$ cat structure12.pdb   # PDB, C-alpha atoms
MODEL        1
ATOM      1  CA  MET R  41      91.513  85.059  96.647
ATOM      2  CA  TYR R  42      93.699  85.890  93.638
ATOM      3  CA  LEU R  43      93.584  86.712  89.943
ATOM      4  CA  GLY R  44      94.255  84.325  87.091
ATOM      5  CA  GLU R  45      93.682  83.512  83.455
ATOM      6  CA  VAL R  46      92.289  80.212  82.250
ATOM      7  CA  ILE R  47      94.739  78.887  79.670
ATOM      8  CA  GLY R  48      93.503  75.367  79.121
ATOM      9  CA  THR R  49      91.637  72.331  80.335
ATOM     10  CA  VAL R  50      92.935  69.248  82.110
ATOM     11  CA  VAL R  51      91.557  65.737  81.742
ATOM     12  CA  ALA R  52      92.472  63.065  84.284
ATOM     13  CA  ARG R  53      90.487  59.924  83.582
ATOM     14  CA  ARG R  54      92.007  57.969  86.429
ATOM     15  CA  CYS R  55      91.831  60.011  89.613
ATOM     16  CA  ILE R  56      91.156  59.744  93.315
ATOM     17  CA  GLU R  57      87.599  59.306  94.568
ATOM     18  CA  GLY R  58      85.810  62.657  94.799
ATOM     19  CA  LEU R  59      87.730  64.208  91.943
ATOM     20  CA  GLU R  60      85.813  62.276  89.281
ATOM     21  CA  GLY R  61      83.565  64.397  87.112
ATOM     22  CA  GLN R  62      85.084  67.694  88.234
ATOM     23  CA  LYS R  63      85.935  70.192  85.524
ATOM     24  CA  LEU R  64      89.644  70.917  85.807
ATOM     25  CA  MET R  65      91.259  73.948  84.216
ATOM     26  CA  LEU R  66      94.862  75.019  83.752
ATOM     27  CA  VAL R  67      95.291  78.505  85.191
ATOM     28  CA  GLN R  68      98.092  81.061  85.086
ATOM     29  CA  PRO R  69      97.986  83.208  88.251
ATOM     30  CA  LEU R  70      98.242  86.947  87.436
ATOM     31  CA  ASP R  71      99.299  90.064  89.285
ATOM     32  CA  GLU R  72      97.282  93.278  89.457
ATOM     33  CA  ASN R  73      98.614  94.322  86.024
ATOM     34  CA  ARG R  74      97.412  91.019  84.548
ATOM     35  CA  GLN R  75     101.004  89.863  84.163
ATOM     36  CA  PRO R  76     101.873  86.192  84.855
ATOM     37  CA  ARG R  77     102.946  85.476  88.407
ATOM     38  CA  GLY R  78     104.349  82.145  89.560
ATOM     39  CA  ALA R  79     103.721  78.647  88.289
ATOM     40  CA  LYS R  80     100.670  77.535  86.340
ATOM     41  CA  GLU R  81      98.259  75.467  88.382
ATOM     42  CA  VAL R  82      95.243  73.220  88.051
ATOM     43  CA  ALA R  83      91.966  74.491  89.526
ATOM     44  CA  VAL R  84      88.469  73.076  89.712
ATOM     45  CA  ASP R  85      85.915  75.246  87.902
ATOM     46  CA  THR R  86      82.618  76.213  89.579
ATOM     47  CA  VAL R  87      81.462  78.987  87.201
ATOM     48  CA  GLN R  88      81.695  77.510  83.688
ATOM     49  CA  ALA R  89      84.859  79.394  82.847
ATOM     50  CA  GLY R  90      86.661  78.778  79.572
ATOM     51  CA  PRO R  91      90.134  79.333  78.136
ATOM     52  CA  GLY R  92      90.929  83.040  77.854
ATOM     53  CA  ASP R  93      88.664  84.022  80.750
ATOM     54  CA  PHE R  94      90.018  86.444  83.356
ATOM     55  CA  VAL R  95      88.971  84.912  86.680
ATOM     56  CA  PHE R  96      89.496  84.968  90.400
ATOM     57  CA  LEU R  97      90.255  81.885  92.427
ATOM     58  CA  VAL R  98      90.227  80.735  96.002
ATOM     59  CA  GLY R  99      92.978  78.522  97.340
ATOM     60  CA  SER R 100      93.692  76.121 100.195
ATOM     61  CA  ARG R 101      90.932  74.611 102.318
ATOM     62  CA  GLU R 102      88.297  77.044 101.020
ATOM     63  CA  ALA R 103      88.693  75.690  97.493
ATOM     64  CA  ALA R 104      86.945  72.482  98.551
ATOM     65  CA  LEU R 105      84.103  74.532 100.050
ATOM     66  CA  ALA R 106      83.308  75.732  96.533
ATOM     67  CA  LEU R 107      81.982  72.298  95.641
ATOM     68  CA  LYS R 108      78.779  70.626  96.735
ATOM     69  CA  GLN R 109      80.707  67.782  98.297
ATOM     70  CA  SER R 110      83.012  69.659 100.633
ATOM     71  CA  PHE R 111      85.748  67.074 101.056
ATOM     72  CA  VAL R 112      86.908  66.926  97.477
ATOM     73  CA  PRO R 113      90.705  66.916  97.325
ATOM     74  CA  VAL R 114      91.319  70.226  95.519
ATOM     75  CA  ASP R 115      93.462  73.193  96.531
ATOM     76  CA  ALA R 116      92.342  75.823  94.011
ATOM     77  CA  ALA R 117      88.886  76.692  92.671
ATOM     78  CA  ILE R 118      87.733  79.231  90.088
ATOM     79  CA  VAL R 119      84.917  81.140  91.823
ATOM     80  CA  GLY R 120      84.277  84.144  89.553
ATOM     81  CA  ILE R 121      84.676  85.303  85.945
ATOM     82  CA  ILE R 122      85.811  88.939  85.942
ATOM     83  CA  ASP R 123      83.856  91.161  83.523
ATOM     84  CA  ASP R 124      85.543  94.333  84.602
ATOM     85  CA  MET R 125      88.359  95.303  86.932
ATOM     86  CA  HIS R 126      88.661  98.989  87.641
ATOM     87  CA  ARG R 127      91.979 100.160  89.092
ATOM     88  CA  THR R 128      91.649 103.043  91.505
ATOM     89  CA  ASP R 129      95.348 103.634  92.154
ATOM     90  CA  ALA R 130      97.591 105.698  89.921
ATOM     91  CA  SER R 131     100.156 103.012  88.986
TER      92      SER R 131
ATOM     93  CA  MET E 231      95.326  90.411 109.675
ATOM     94  CA  ARG E 232      97.194  92.180 106.934
ATOM     95  CA  ILE E 233      97.454  95.897 106.283
ATOM     96  CA  CYS E 234      96.419  96.496 102.686
ATOM     97  CA  ARG E 235      95.516  99.321 100.347
ATOM     98  CA  VAL E 236      92.401  99.158  98.170
ATOM     99  CA  ILE E 237      93.646  99.494  94.585
ATOM    100  CA  GLY E 238      90.611  98.514  92.566
ATOM    101  CA  THR E 239      87.149  97.061  92.230
ATOM    102  CA  VAL E 240      86.178  93.802  90.558
ATOM    103  CA  VAL E 241      82.925  92.997  88.763
ATOM    104  CA  ALA E 242      82.155  89.323  88.197
ATOM    105  CA  THR E 243      78.646  88.580  86.952
ATOM    106  CA  ALA E 244      79.294  84.852  86.823
ATOM    107  CA  HIS E 245      80.380  83.877  90.318
ATOM    108  CA  HIS E 246      80.016  81.191  92.938
ATOM    109  CA  PRO E 247      76.779  81.650  94.977
ATOM    110  CA  ALA E 248      78.867  82.419  98.088
ATOM    111  CA  TYR E 249      79.711  85.762  96.439
ATOM    112  CA  ASP E 250      76.077  86.798  95.824
ATOM    113  CA  GLY E 251      75.658  90.425  96.882
ATOM    114  CA  GLN E 252      79.275  90.736  98.024
ATOM    115  CA  LYS E 253      81.405  93.709  97.043
ATOM    116  CA  ILE E 254      84.729  92.492  95.674
ATOM    117  CA  MET E 255      87.853  94.626  95.853
ATOM    118  CA  LEU E 256      91.424  94.362  94.645
ATOM    119  CA  VAL E 257      93.842  94.996  97.509
ATOM    120  CA  ARG E 258      97.605  95.013  97.884
ATOM    121  CA  GLN E 259      99.512  94.456 101.096
ATOM    122  CA  ASP E 260     101.245  97.583 102.379
ATOM    123  CA  SER E 261     103.976  97.774 104.943
ATOM    124  CA  PRO E 262     102.964 100.058 107.826
ATOM    125  CA  ALA E 263     105.242 102.734 106.356
ATOM    126  CA  GLY E 264     103.297 102.590 103.112
ATOM    127  CA  GLU E 265     105.635 101.115 100.515
ATOM    128  CA  LYS E 266     104.368  98.500  98.085
ATOM    129  CA  ALA E 267     104.907  94.838  98.914
ATOM    130  CA  ALA E 268     103.419  91.562  97.629
ATOM    131  CA  PRO E 269     101.176  91.171  94.533
ATOM    132  CA  ALA E 270      97.580  92.255  94.798
ATOM    133  CA  PHE E 271      94.798  89.865  95.711
ATOM    134  CA  VAL E 272      91.021  89.852  95.829
ATOM    135  CA  ALA E 273      88.969  90.370  99.005
ATOM    136  CA  VAL E 274      85.302  90.648  99.946
ATOM    137  CA  ASP E 275      84.466  94.032 101.470
ATOM    138  CA  ARG E 276      82.320  94.049 104.621
ATOM    139  CA  VAL E 277      82.994  97.638 105.761
ATOM    140  CA  GLN E 278      82.190  99.789 102.702
ATOM    141  CA  ALA E 279      85.828 100.519 101.946
ATOM    142  CA  GLY E 280      86.595 102.953  99.149
ATOM    143  CA  PRO E 281      89.377 103.604  96.647
ATOM    144  CA  ASP E 282      92.814 104.074  98.205
ATOM    145  CA  ASP E 283      91.581 103.257 101.729
ATOM    146  CA  ARG E 284      94.098 101.547 103.976
ATOM    147  CA  VAL E 285      92.300  98.494 105.317
ATOM    148  CA  LEU E 286      92.625  95.493 107.600
ATOM    149  CA  VAL E 287      92.191  92.245 105.689
ATOM    150  CA  LEU E 288      91.473  88.963 107.401
ATOM    151  CA  THR E 289      93.043  86.170 105.360
ATOM    152  CA  GLU E 290      92.895  83.206 107.663
ATOM    153  CA  GLY E 291      90.352  80.517 106.937
ATOM    154  CA  THR E 292      89.001  79.790 110.401
ATOM    155  CA  GLY E 293      88.493  83.467 111.263
ATOM    156  CA  VAL E 294      86.776  84.049 107.932
ATOM    157  CA  ARG E 295      84.475  81.091 108.500
ATOM    158  CA  GLN E 296      83.597  82.379 111.973
ATOM    159  CA  LEU E 297      82.741  85.750 110.486
ATOM    160  CA  LEU E 298      80.586  84.329 107.716
ATOM    161  CA  GLY E 299      78.964  81.672 109.909
ATOM    162  CA  ALA E 300      76.460  79.584 108.039
ATOM    163  CA  GLU E 301      77.329  81.319 104.773
ATOM    164  CA  ALA E 302      80.881  79.970 104.973
ATOM    165  CA  GLY E 303      81.986  79.000 101.495
ATOM    166  CA  PRO E 304      84.915  79.496  99.182
ATOM    167  CA  ILE E 305      85.922  82.881 100.632
ATOM    168  CA  ARG E 306      89.375  83.351 102.111
ATOM    169  CA  SER E 307      89.960  87.093 102.440
ATOM    170  CA  ILE E 308      87.637  89.715 103.900
ATOM    171  CA  ILE E 309      88.154  93.435 104.493
ATOM    172  CA  VAL E 310      87.182  93.825 108.151
ATOM    173  CA  GLY E 311      88.293  97.383 108.978
ATOM    174  CA  ILE E 312      89.328 100.740 107.578
ATOM    175  CA  ILE E 313      92.544 101.970 109.170
ATOM    176  CA  ASP E 314      92.519 105.557 110.355
ATOM    177  CA  ASP E 315      95.999 105.712 111.771
ATOM    178  CA  ILE E 316      99.061 103.600 112.566
ATOM    179  CA  ASP E 317     101.595 104.760 115.117
ATOM    180  CA  ILE E 318     104.978 102.981 114.975
ATOM    181  CA  GLU E 319     107.136 103.490 118.039
ATOM    182  CA  ARG E 320     109.929 101.025 117.244
ATOM    183  CA  SER E 321     111.136  99.804 113.886
ATOM    184  CA  HIS E 322     113.458  96.893 113.112
ATOM    185  CA  THR E 323     114.183  97.975 109.560
TER     186      THR E 323
ENDMDL
END
$ encode --input "structure12.pdb" --output "structure tokens"
Amino acid sequence: MYLGEVIGTVVARRCIEGLEGQKLMLVQPLDENRQPRGAKEVAVDTVQAGPGDFVFLVGSREAALALKQSFVPVDAAIVGIIDDMHRTDAS
Amino acid sequence: MRICRVIGTVVATAHHPAYDGQKIMLVRQDSPAGEKAAPAFVAVDRVQAGPDDRVLVLTEGTGVRQLLGAEAGPIRSIIVGIIDDIDIERSHT
């Protein structure tokens, strides 16, 4: 799982079967210092996240397991909204 | 499995039900010699790891699903061991 920030929403009215009705968000993956890392991506939301939320996501096959129907064609899912992240290392 | 260092804890009140009661940690992959490598990621802790512990993290889907059994859900990385010692006899670096 990895860190990210929700930066927007995505609407796709015409989409493949199984993806209809899913809430899609635009996410910027972040590193441990909350700095942007890599390309923005689209993730399905399972926790009612909104733009500006600091979240963690699950990728690959497990992303589909986040949904009730487990064969939805998604490869990233928001699975938690982070209230607090406490760093325990010095850097 | 990857060798990682625990570098933080994560609190997420709103989470997917698969994470109910799970302790969530921020970990970063270490090389065996200890220098920093890839960006940090989030893992579920099953061994009561603590700050700065060097840990074994399982990041492969099938193994994770075997470990979680019926609870298998959107979880991809699990801390499965706390490393006491690593002994390197040969190095290619």
$ resolve_selection --input "structure12.pdb" --expression "the PyMOL selection byres ((chain E) within 7 of (chain R))" --output "PyMOL selection string"
chain E and resi 237-246+269-273+281-282+303-307
$ closest_residue --input "structure12.pdb" --among "R:Pro69, R:Gly78, R:Pro91, R:Gly61" --to "Ile47 of chain R" --atoms "all atoms listed in the file"
R:Pro91
$ residues_around --input "structure12.pdb" --residues "segment 234-236 of chain E" --least-positions-apart "4" --cutoff "6 Å" --atoms "all atoms listed in the file" --output "ChimeraX atom specification"
/E:257-260,281-285
$ resolve_selection --input "structure12.pdb" --expression "the PyMOL selection byres ((chain R and resi 63) around 9)" --output "list in words"
Thr49, Val50, Val51, Leu59, Glu60, Gly61, Gln62, Leu64, Met65, Ala83, Val84, Asp85, Thr86 and Gln88 of chain R
$ write_last_selection --input "structure12.pdb" --atoms "C-alpha atoms" --output "CSV table (one decimal), in the coordinates of the input"
chain,number,residue,atom,x,y,z
R,49,THR,CA,91.6,72.3,80.3
R,50,VAL,CA,92.9,69.2,82.1
R,51,VAL,CA,91.6,65.7,81.7
R,59,LEU,CA,87.7,64.2,91.9
R,60,GLU,CA,85.8,62.3,89.3
R,61,GLY,CA,83.6,64.4,87.1
R,62,GLN,CA,85.1,67.7,88.2
R,64,LEU,CA,89.6,70.9,85.8
R,65,MET,CA,91.3,73.9,84.2
R,83,ALA,CA,92.0,74.5,89.5
R,84,VAL,CA,88.5,73.1,89.7
R,85,ASP,CA,85.9,75.2,87.9
R,86,THR,CA,82.6,76.2,89.6
R,88,GLN,CA,81.7,77.5,83.7
$ atom_distance --input "structure12.pdb" --atom1 "atom CA of Ala268 of chain E" --atom2 "atom CA of Leu256 of chain E"
12.7 Å
$ atom_distance --input "structure12.pdb" --atom1 "atom CA of Pro113 of chain R" --atom2 "atom CA of Leu66 of chain R"
16.3 Å
$ build_atoms --input "structure12.pdb" --residues "segment 285-296 of chain E" --atoms "all heavy atoms" --output "PDB file, keeping the file's coordinate frame"
ATOM      1  N   VAL E 285      93.272  99.384 104.680  1.00  0.00           N
ATOM      2  CA  VAL E 285      92.300  98.494 105.317  1.00  0.00           C
ATOM      3  C   VAL E 285      92.976  97.321 106.029  1.00  0.00           C
ATOM      4  O   VAL E 285      94.124  96.983 105.746  1.00  0.00           O
ATOM      5  CB  VAL E 285      91.293  97.939 104.263  1.00  0.00           C
ATOM      6  CG1 VAL E 285      90.410  99.053 103.730  1.00  0.00           C
ATOM      7  CG2 VAL E 285      92.013  97.241 103.118  1.00  0.00           C
ATOM      8  N   LEU E 286      92.214  96.722 106.928  1.00  0.00           N
ATOM      9  CA  LEU E 286      92.625  95.493 107.600  1.00  0.00           C
ATOM     10  C   LEU E 286      91.960  94.341 106.869  1.00  0.00           C
ATOM     11  O   LEU E 286      90.739  94.331 106.714  1.00  0.00           O
ATOM     12  CB  LEU E 286      92.109  95.484 109.039  1.00  0.00           C
ATOM     13  CG  LEU E 286      92.948  96.131 110.125  1.00  0.00           C
ATOM     14  CD1 LEU E 286      92.194  96.021 111.442  1.00  0.00           C
ATOM     15  CD2 LEU E 286      94.295  95.440 110.233  1.00  0.00           C
ATOM     16  N   VAL E 287      92.758  93.376 106.432  1.00  0.00           N
ATOM     17  CA  VAL E 287      92.191  92.245 105.689  1.00  0.00           C
ATOM     18  C   VAL E 287      92.461  90.954 106.453  1.00  0.00           C
ATOM     19  O   VAL E 287      93.611  90.627 106.750  1.00  0.00           O
ATOM     20  CB  VAL E 287      92.765  92.159 104.262  1.00  0.00           C
ATOM     21  CG1 VAL E 287      92.093  91.028 103.493  1.00  0.00           C
ATOM     22  CG2 VAL E 287      92.582  93.472 103.529  1.00  0.00           C
ATOM     23  N   LEU E 288      91.389  90.262 106.741  1.00  0.00           N
ATOM     24  CA  LEU E 288      91.473  88.963 107.401  1.00  0.00           C
ATOM     25  C   LEU E 288      91.684  87.920 106.310  1.00  0.00           C
ATOM     26  O   LEU E 288      90.912  87.857 105.353  1.00  0.00           O
ATOM     27  CB  LEU E 288      90.164  88.731 108.143  1.00  0.00           C
ATOM     28  CG  LEU E 288      90.016  87.544 109.081  1.00  0.00           C
ATOM     29  CD1 LEU E 288      91.008  87.654 110.218  1.00  0.00           C
ATOM     30  CD2 LEU E 288      88.601  87.510 109.627  1.00  0.00           C
ATOM     31  N   THR E 289      92.762  87.123 106.438  1.00  0.00           N
ATOM     32  CA  THR E 289      93.043  86.170 105.360  1.00  0.00           C
ATOM     33  C   THR E 289      93.164  84.750 105.891  1.00  0.00           C
ATOM     34  O   THR E 289      93.655  83.881 105.205  1.00  0.00           O
ATOM     35  CB  THR E 289      94.360  86.518 104.640  1.00  0.00           C
ATOM     36  OG1 THR E 289      95.393  86.554 105.609  1.00  0.00           O
ATOM     37  CG2 THR E 289      94.263  87.843 103.935  1.00  0.00           C
ATOM     38  N   GLU E 290      92.722  84.536 107.091  1.00  0.00           N
ATOM     39  CA  GLU E 290      92.895  83.206 107.663  1.00  0.00           C
ATOM     40  C   GLU E 290      91.564  82.470 107.657  1.00  0.00           C
ATOM     41  O   GLU E 290      90.545  83.006 108.075  1.00  0.00           O
ATOM     42  CB  GLU E 290      93.459  83.334 109.076  1.00  0.00           C
ATOM     43  CG  GLU E 290      94.136  82.084 109.560  1.00  0.00           C
ATOM     44  CD  GLU E 290      93.164  81.190 110.274  1.00  0.00           C
ATOM     45  OE1 GLU E 290      92.390  81.694 111.088  1.00  0.00           O
ATOM     46  OE2 GLU E 290      93.167  79.981 109.976  1.00  0.00           O
ATOM     47  N   GLY E 291      91.583  81.253 107.188  1.00  0.00           N
ATOM     48  CA  GLY E 291      90.352  80.517 106.937  1.00  0.00           C
ATOM     49  C   GLY E 291      89.398  80.405 108.105  1.00  0.00           C
ATOM     50  O   GLY E 291      88.216  80.708 107.979  1.00  0.00           O
ATOM     51  N   THR E 292      89.904  80.016 109.277  1.00  0.00           N
ATOM     52  CA  THR E 292      89.001  79.790 110.401  1.00  0.00           C
ATOM     53  C   THR E 292      88.301  81.085 110.820  1.00  0.00           C
ATOM     54  O   THR E 292      87.104  81.106 111.048  1.00  0.00           O
ATOM     55  CB  THR E 292      89.761  79.194 111.595  1.00  0.00           C
ATOM     56  OG1 THR E 292      90.442  78.031 111.150  1.00  0.00           O
ATOM     57  CG2 THR E 292      88.821  78.815 112.709  1.00  0.00           C
ATOM     58  N   GLY E 293      89.076  82.175 110.902  1.00  0.00           N
ATOM     59  CA  GLY E 293      88.493  83.467 111.263  1.00  0.00           C
ATOM     60  C   GLY E 293      87.441  83.895 110.264  1.00  0.00           C
ATOM     61  O   GLY E 293      86.373  84.397 110.634  1.00  0.00           O
ATOM     62  N   VAL E 294      87.728  83.684 108.984  1.00  0.00           N
ATOM     63  CA  VAL E 294      86.776  84.049 107.932  1.00  0.00           C
ATOM     64  C   VAL E 294      85.497  83.231 108.080  1.00  0.00           C
ATOM     65  O   VAL E 294      84.393  83.758 107.992  1.00  0.00           O
ATOM     66  CB  VAL E 294      87.416  83.841 106.542  1.00  0.00           C
ATOM     67  CG1 VAL E 294      86.376  83.920 105.443  1.00  0.00           C
ATOM     68  CG2 VAL E 294      88.514  84.860 106.304  1.00  0.00           C
ATOM     69  N   ARG E 295      85.662  81.944 108.360  1.00  0.00           N
ATOM     70  CA  ARG E 295      84.475  81.091 108.500  1.00  0.00           C
ATOM     71  C   ARG E 295      83.663  81.488 109.719  1.00  0.00           C
ATOM     72  O   ARG E 295      82.433  81.445 109.691  1.00  0.00           O
ATOM     73  CB  ARG E 295      84.882  79.619 108.563  1.00  0.00           C
ATOM     74  CG  ARG E 295      85.233  79.054 107.189  1.00  0.00           C
ATOM     75  CD  ARG E 295      85.207  77.533 107.159  1.00  0.00           C
ATOM     76  NE  ARG E 295      86.284  76.956 107.936  1.00  0.00           N
ATOM     77  CZ  ARG E 295      87.540  76.813 107.508  1.00  0.00           C
ATOM     78  NH1 ARG E 295      87.855  77.217 106.298  1.00  0.00           N
ATOM     79  NH2 ARG E 295      88.447  76.272 108.256  1.00  0.00           N
ATOM     80  N   GLN E 296      84.335  81.916 110.793  1.00  0.00           N
ATOM     81  CA  GLN E 296      83.597  82.379 111.973  1.00  0.00           C
ATOM     82  C   GLN E 296      82.795  83.624 111.641  1.00  0.00           C
ATOM     83  O   GLN E 296      81.650  83.773 112.056  1.00  0.00           O
ATOM     84  CB  GLN E 296      84.560  82.688 113.125  1.00  0.00           C
ATOM     85  CG  GLN E 296      85.037  81.439 113.836  1.00  0.00           C
ATOM     86  CD  GLN E 296      86.072  81.741 114.909  1.00  0.00           C
ATOM     87  OE1 GLN E 296      86.347  82.890 115.193  1.00  0.00           O
ATOM     88  NE2 GLN E 296      86.623  80.698 115.491  1.00  0.00           N
TER      89      GLN E 296
END
